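Chemist: If you scroll down you'll find the structure; I have some questions about it.
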Amino acid sequence: MTSILLNALQYLGYILIFPGFLFCFVCGMLLCGIDRKLVARMQKRVGPPILQPFYDFFKLCGKETIIPDAASRTTFLAAPLVGLAALVVIQLFVPIHGFSAFYGMADVIVILYLLLIPALASILGAAASGSPYAGIGLSREMVTIISCELPLVLILLAIAKTVGNALGTGLCFSLSAIADYQLVHGSLITKARMIPAAIAMLLVIPGETGNHPFDAAEAETEICEGMLAEYSGGPLAVFKLSHAVKMLTLTSLFVALFLGGVGTGITAVDGVVVFILCVIVTAVSISFVHAVTARLKIEQIFKYYWTVVSGLALVSLVLAWYGL
Amino acid sequence: MFKKLIEESTAKSPWLFHINSGSCNGCDIELVAILTPRYDVERLGFKLAGSPRQADIVVVTGPITKQSLPRVLRSISQVPEPRCIVTMGSCPQSGNVFKGSYSVAGPLSKYVHVDVDIAGCAPKPEAIIDGLALATQILKEKRGQM
Amino acid sequence: MDFPFVREAVVKLFSKPSTQLYPAVPSEAAPGYRGKIVFHPETCINCGMCERVCAGGAISTTVEKTEEGDKITRTFDLGSCTFCNTCADFCSRHSIELTRDYHMIGVEEGDLLVSGTFIKAPPKRPAPKPAPTPKPVEEKKADTPAPAPEN
C-alpha cells in the first residue's frame, strides 16, 4: 500500500517538477530568452535581458482577456492548455542521459504523434477565434506542419534502423533502447552516416517551433499576428509558454537522439549538462538561422523542406538501411 | 504575492501598437528608428506587437483624418486593459499645420483620454524613449489600481 | 540561395554592440538643432510678426490693460509647433530662440506651453517746456535821440 503511494508521489513529482511542468517552464523560458539575446548580439545590439520571457509571461497574466463575439468560447479558452499539456507529456518521455521518467513506456512514434498536438491546438484556437487573419494564419500553419512531417519521419526512421541494425532487431523505435545504445556505444552523431540526419534535424527544429525564417504562419506585420490575432491576456500567456516549451522539447529530443552519450551518471548534473547542450543547439539552429535569413514564403517553406531537408535525411536513411 | 510580481513585470515588458492615422510618415520613421541597433529599446522590453489585442501602449501618429477616425477608435477599443495611449508628434495633439482643414477631425484628446504627449515634429528618438518610459510608469500605476 | 550576412553575424556576436544606452548615458542634440522654444519677453516689442508667419498657428497673444500700460502675454504652444524657426527668423529683436533641448513630454494640460509676459507702456510724455520769456524791449533812450527838426 505504502509502496503504491510512494510510487504515485514519485510520479507526481516527475510530472510536476523534474521533467514536468516546473522544469519545462523555467528551462523553456530561459532558452527563449537566450535565443532573443543571441539574435540581438548577432545584430550588433544589446538585446533584452535573459529573463525577459518571464516578464512577458507575468505581464500577460495580468492583462484582461477579451473574447470576441464571433468566437466559440470553450475551444478558444481550452486550446492553449491542450497544446501545453501535450508538450509537457513529450518532455516526460524524452530521456535525459539514461534517466527516463517513464522508462520503456513510449517510443519514437508516440513522440511523432504527440508533436502534432500543439500545432493542432493552435490551429483549433485560431479557427475558434473567428477572425479572417487567423484563418490565413491557420492555413499557413497546416502547410508548415505537413512540410515538417516528412523530413522528421525520415530522420527517425534512419535512427531506428541504425540502432536496430546494431541490436539485431529490425527497426528499434523505443527511446529507452536508443538511449541505452548510446550510453554503451557513444553518441549517434559520431557515426558519419548520421551526420546528414543531424543537419536535417537542426533544420527541422526552427520549422517545428515556428521561428523565423519559417514563421509565415505567425507573421507579425503581414497578417496582424496571424493565428494569435484575437488572443489576449491569460490564453496568450499560455501560447507563448508553449512556444518556449516547444523549443526545449525539440532541442532536448535532438540531444537525446544524437548526443545521448554525453554526460555523467548523476541525474542532477545530467540535467544541467543536457540544458547546456540544448542551449548550444538553440544557438546554432534557431538563433543563427534567425539572424542571417529573411522570412520565406509559404510555398518556399514547403519546397525547401520537401527537397533539401528531406534529401539530407534520405541520404542518412539509405546509408543506414544498407548498413554502410 | 503575485500582485507585486505582475506589477513589476508590467513595467518591464510593455508591447507597442502603432497606428498611423494619416501622418506624413516622419514620426513613423522615428518610431521604428528606436528599434534599430543604435537606440535599441528592446533592451527595455519594448516590442512591436502585430495585433491590438496583444498591445499595452498604443502610439498614434498623424492628424486624425475624418476617414481614419472610426478605424482608429475601433482599434483603440480592442486594446485590453491596462492600456496607455501615447500621441507622438504635434499632429495628433493639435493638428499642427493641418488645423481647420476639411478632412482633419481634430486632436485625439477630443475622442479618447490621452496619457502622454510627445511633442516634436518629428520628435527625436531619445525624446520618444523618454515618453515611452513615462508611459510605462503610468501603465504600472494603472495595473496597481486594477 | 546565398547568405550574405553569415560572416558578419558570427563576428558581431563577439564584438561590442553599437547601442547608445540612452537613459543611462545622456545624449546631446547636434549644434543647430531646433528644439524647445525660449522666449525673452524683456526684448519683445509686440510687433506681432511671429504670430503672423507661424506655420502651425502656435503663437497666441493676450492683452490686459493695466494702469502702467498693456500687459501682454505671448504663449507658444509646443504641441502645435512645427519647429521651422520662421518666428525666430522674423523677430527683429531676437527675443525668440529655439534651443537644443528636445525633452518635450506633456502629461497634464499646460505642460507644453511656453509663455512670457511683459508690459508695454506708451512712452512717457516729456515735461512741458516753460513758455519762453519775451525779450525785454530795448529803451530808445539809450540811443541818441532823434535830432530836433530845424526851424
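Simple scheme: letters A, B, ... for chains in C-alpha cells order, numbers from 1 for residues in each chain, numbers from 1 for ligands in the order shown.
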Once you count only C-alpha atoms, which residues of chain B turn out to be within 9 Å of chain C? Could you give them as an NGL selection string?
Modeler: :B and (36-40 or 89-99 or 114-124 or 126-131 or 134)
Chemist: Next, the residues of the selection above should be written as a PDB file, in the first residue's frame with C-alpha atoms.
Modeler:
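Output file result-v3.pdb is given in full below:
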ATOM      1  CA  THR B  36      17.330  49.793 -34.682  1.00  0.00           C
ATOM      2  CA  PRO B  37      20.659  48.795 -33.146  1.00  0.00           C
ATOM      3  CA  ARG B  38      21.633  52.368 -32.324  1.00  0.00           C
ATOM      4  CA  TYR B  39      18.870  53.112 -29.819  1.00  0.00           C
ATOM      5  CA  ASP B  40      17.532  49.563 -29.286  1.00  0.00           C
ATOM      6  CA  GLY B  89       4.371  64.419 -32.675  1.00  0.00           C
ATOM      7  CA  SER B  90       2.345  67.587 -32.782  1.00  0.00           C
ATOM      8  CA  CYS B  91      -0.171  66.316 -35.346  1.00  0.00           C
ATOM      9  CA  PRO B  92      -2.432  64.214 -33.126  1.00  0.00           C
ATOM     10  CA  GLN B  93      -2.154  66.771 -30.368  1.00  0.00           C
ATOM     11  CA  SER B  94      -3.475  69.785 -32.222  1.00  0.00           C
ATOM     12  CA  GLY B  95      -3.327  69.239 -35.964  1.00  0.00           C
ATOM     13  CA  ASN B  96      -0.173  71.325 -36.404  1.00  0.00           C
ATOM     14  CA  VAL B  97      -0.247  72.838 -39.898  1.00  0.00           C
ATOM     15  CA  PHE B  98      -3.405  70.918 -40.799  1.00  0.00           C
ATOM     16  CA  LYS B  99      -5.615  72.675 -38.271  1.00  0.00           C
ATOM     17  CA  VAL B 114      -4.583  60.622 -23.915  1.00  0.00           C
ATOM     18  CA  ASP B 115      -1.979  59.755 -21.294  1.00  0.00           C
ATOM     19  CA  VAL B 116       1.277  61.090 -22.681  1.00  0.00           C
ATOM     20  CA  ASP B 117       2.046  63.622 -25.422  1.00  0.00           C
ATOM     21  CA  ILE B 118       5.431  63.559 -27.038  1.00  0.00           C
ATOM     22  CA  ALA B 119       5.950  66.914 -28.756  1.00  0.00           C
ATOM     23  CA  GLY B 120       8.264  67.494 -31.660  1.00  0.00           C
ATOM     24  CA  CYS B 121       7.983  67.483 -35.397  1.00  0.00           C
ATOM     25  CA  ALA B 122       9.303  64.805 -35.590  1.00  0.00           C
ATOM     26  CA  PRO B 123      10.433  64.077 -32.025  1.00  0.00           C
ATOM     27  CA  LYS B 124      13.984  62.888 -31.553  1.00  0.00           C
ATOM     28  CA  GLU B 126      15.671  59.975 -27.317  1.00  0.00           C
ATOM     29  CA  ALA B 127      12.562  62.049 -26.632  1.00  0.00           C
ATOM     30  CA  ILE B 128      10.416  59.115 -27.771  1.00  0.00           C
ATOM     31  CA  ILE B 129      12.248  56.818 -25.377  1.00  0.00           C
ATOM     32  CA  ASP B 130      11.591  59.336 -22.574  1.00  0.00           C
ATOM     33  CA  GLY B 131       7.904  59.482 -23.400  1.00  0.00           C
ATOM     34  CA  LEU B 134       6.890  57.664 -18.695  1.00  0.00           C
TER      35      LEU B 134
END
Chemist: How close does chain A get to chain B? List, as a Markdown table, each residue of chain A within 9 Å, its nearest atom pair and the distance in Å to one decimal, counting only C-alpha atoms.
Modeler:
| residue | atom | partner | partner_atom | distance |
| --- | --- | --- | --- | --- |
| A:Ala40 | CA | B:Pro37 | CA | 8.4 |
| A:Gln43 | CA | B:Pro37 | CA | 7.2 |
| A:Lys44 | CA | B:Pro37 | CA | 6.3 |
| A:Arg45 | CA | B:Pro37 | CA | 4.7 |
| A:Val46 | CA | B:Arg43 | CA | 6.3 |
| A:Gly47 | CA | B:Arg43 | CA | 4.7 |
| A:Pro48 | CA | B:Arg43 | CA | 4.0 |
| A:Pro49 | CA | B:Arg43 | CA | 6.6 |
| A:Gln52 | CA | B:Gly45 | CA | 7.0 |
| A:Pro53 | CA | B:Ser13 | CA | 8.8 |
| A:Phe54 | CA | B:Ser9 | CA | 8.0 |
| A:Tyr55 | CA | B:Ser9 | CA | 4.6 |
| A:Asp56 | CA | B:Ser13 | CA | 5.7 |
| A:Phe57 | CA | B:Ser9 | CA | 8.3 |
| A:Phe58 | CA | B:Ile6 | CA | 5.3 |
| A:Lys59 | CA | B:Thr10 | CA | 4.8 |
| A:Leu60 | CA | B:Thr10 | CA | 8.2 |
| A:Cys61 | CA | B:Ile6 | CA | 7.4 |
| A:Gly62 | CA | B:Ile6 | CA | 6.0 |
| A:Lys63 | CA | B:Glu81 | CA | 6.1 |
| A:Glu64 | CA | B:Pro80 | CA | 5.4 |
| A:Thr65 | CA | B:Pro80 | CA | 7.1 |
| A:Ile66 | CA | B:Pro80 | CA | 6.9 |
| A:Ala219 | CA | B:Gly50 | CA | 8.3 |
| A:Glu220 | CA | B:Gly50 | CA | 4.8 |
| A:Thr221 | CA | B:Gly50 | CA | 5.5 |
| A:Glu222 | CA | B:Gly50 | CA | 8.2 |
| A:Ile223 | CA | B:Gly50 | CA | 7.8 |
| A:Cys224 | CA | B:Gly50 | CA | 4.6 |
| A:Glu225 | CA | B:Gly50 | CA | 4.9 |
| A:Gly226 | CA | B:Gly50 | CA | 8.5 |
| A:Leu228 | CA | B:Ser51 | CA | 8.4 |
| A:Ala229 | CA | B:Ser51 | CA | 5.8 |
| A:Glu230 | CA | B:Arg53 | CA | 6.2 |
| A:Tyr231 | CA | B:Arg53 | CA | 6.5 |
| A:Ser232 | CA | B:Gln54 | CA | 5.5 |
| A:Gly233 | CA | B:Gln54 | CA | 7.8 |
| A:Leu236 | CA | B:Gln54 | CA | 8.2 |
Chemist: In terms of the shortest atom-to-atom distance over only C-alpha atoms, which of A:Ala126, A:Leu114, A:Leu203, A:Ala85 is closest to A:Arg73?
Modeler: A:Ala126
Chemist: Measuring atom to atom with only C-alpha atoms, identify which of C:Lys120, C:Lys16, C:Lys65, C:Arg52 is nearest to chain A.
Modeler: C:Lys16
Chemist: Do me a favour and pick out the residues of chain C within 10 Å of chain A, using only C-alpha atoms, as a VMD selection string.
Modeler: chain C and resid 2 to 21
Chemist: Name the residues of stretch 13-149 of chain C that come out as strand (DSSP E) in a backbone DSSP run; write them as number ranges by chain.
Modeler: C: 37-39, 59-66, 69-77, 96-98, 105-106, 113-120
Chemist: Could you state the separation of atom CA of B:His18 and atom CA of A:Ile34 in Å, given to one decimal place?
Modeler: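 We find that atom CA of B:His18 and atom CA of A:Ile34 lie 27.1 Å from each other.
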Chemist: May I have all residues of stretch 11-137 of chain C that DSSP, computed from the backbone, assigns to alpha helix (DSSP H), given as a list in words?
Modeler: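 Matching residues, listed in order: Val11, Lys12, Leu13, Met49, Cys50, Glu51, Arg52, Val53, Thr86, Cys87, Ala88, Asp89 and Phe90 of chain C.
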Chemist: Excluding same-chain residues fewer than 4 positions from stretch 113-116 of chain C, what lies within 7 Å of it counting only C-alpha atoms, as a list in words?
Modeler: Phe39, Pro41, Thr73, Arg74, Thr75, Phe76, Asp77 and Leu78 of chain C
Chemist: Write out as number ranges by chain which residues come within 7 Å of A:Gly137 when counting only C-alpha atoms, dropping same-chain ones fewer than 2 positions away.
Modeler: A: 133-135, 139-141, 217-218, 226-227
Chemist: Please write the residues from the selection above to a file, keeping C-alpha atoms, as a CSV table (one decimal), in the first residue's frame.
Modeler:
chain,number,residue,atom,x,y,z
A,133,TYR,CA,-6.5,37.0,-40.2
A,134,ALA,CA,-6.4,33.9,-38.0
A,135,GLY,CA,-7.9,32.0,-41.0
A,139,SER,CA,-4.0,27.6,-43.4
A,140,ARG,CA,-0.3,28.5,-43.5
A,141,GLU,CA,0.3,26.6,-40.3
A,217,ALA,CA,2.1,31.3,-40.0
A,218,GLU,CA,2.6,33.8,-37.4
A,226,GLY,CA,-1.8,35.5,-37.8
A,227,MET,CA,-3.1,32.7,-35.7
Chemist: Would you compute the distance between atom CA of A:Ile266 and atom CA of A:Leu9? Give it in Å to one decimal.
Modeler: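 Result for atom CA of A:Ile266 versus atom CA of A:Leu9: 21.3 Å, one decimal.
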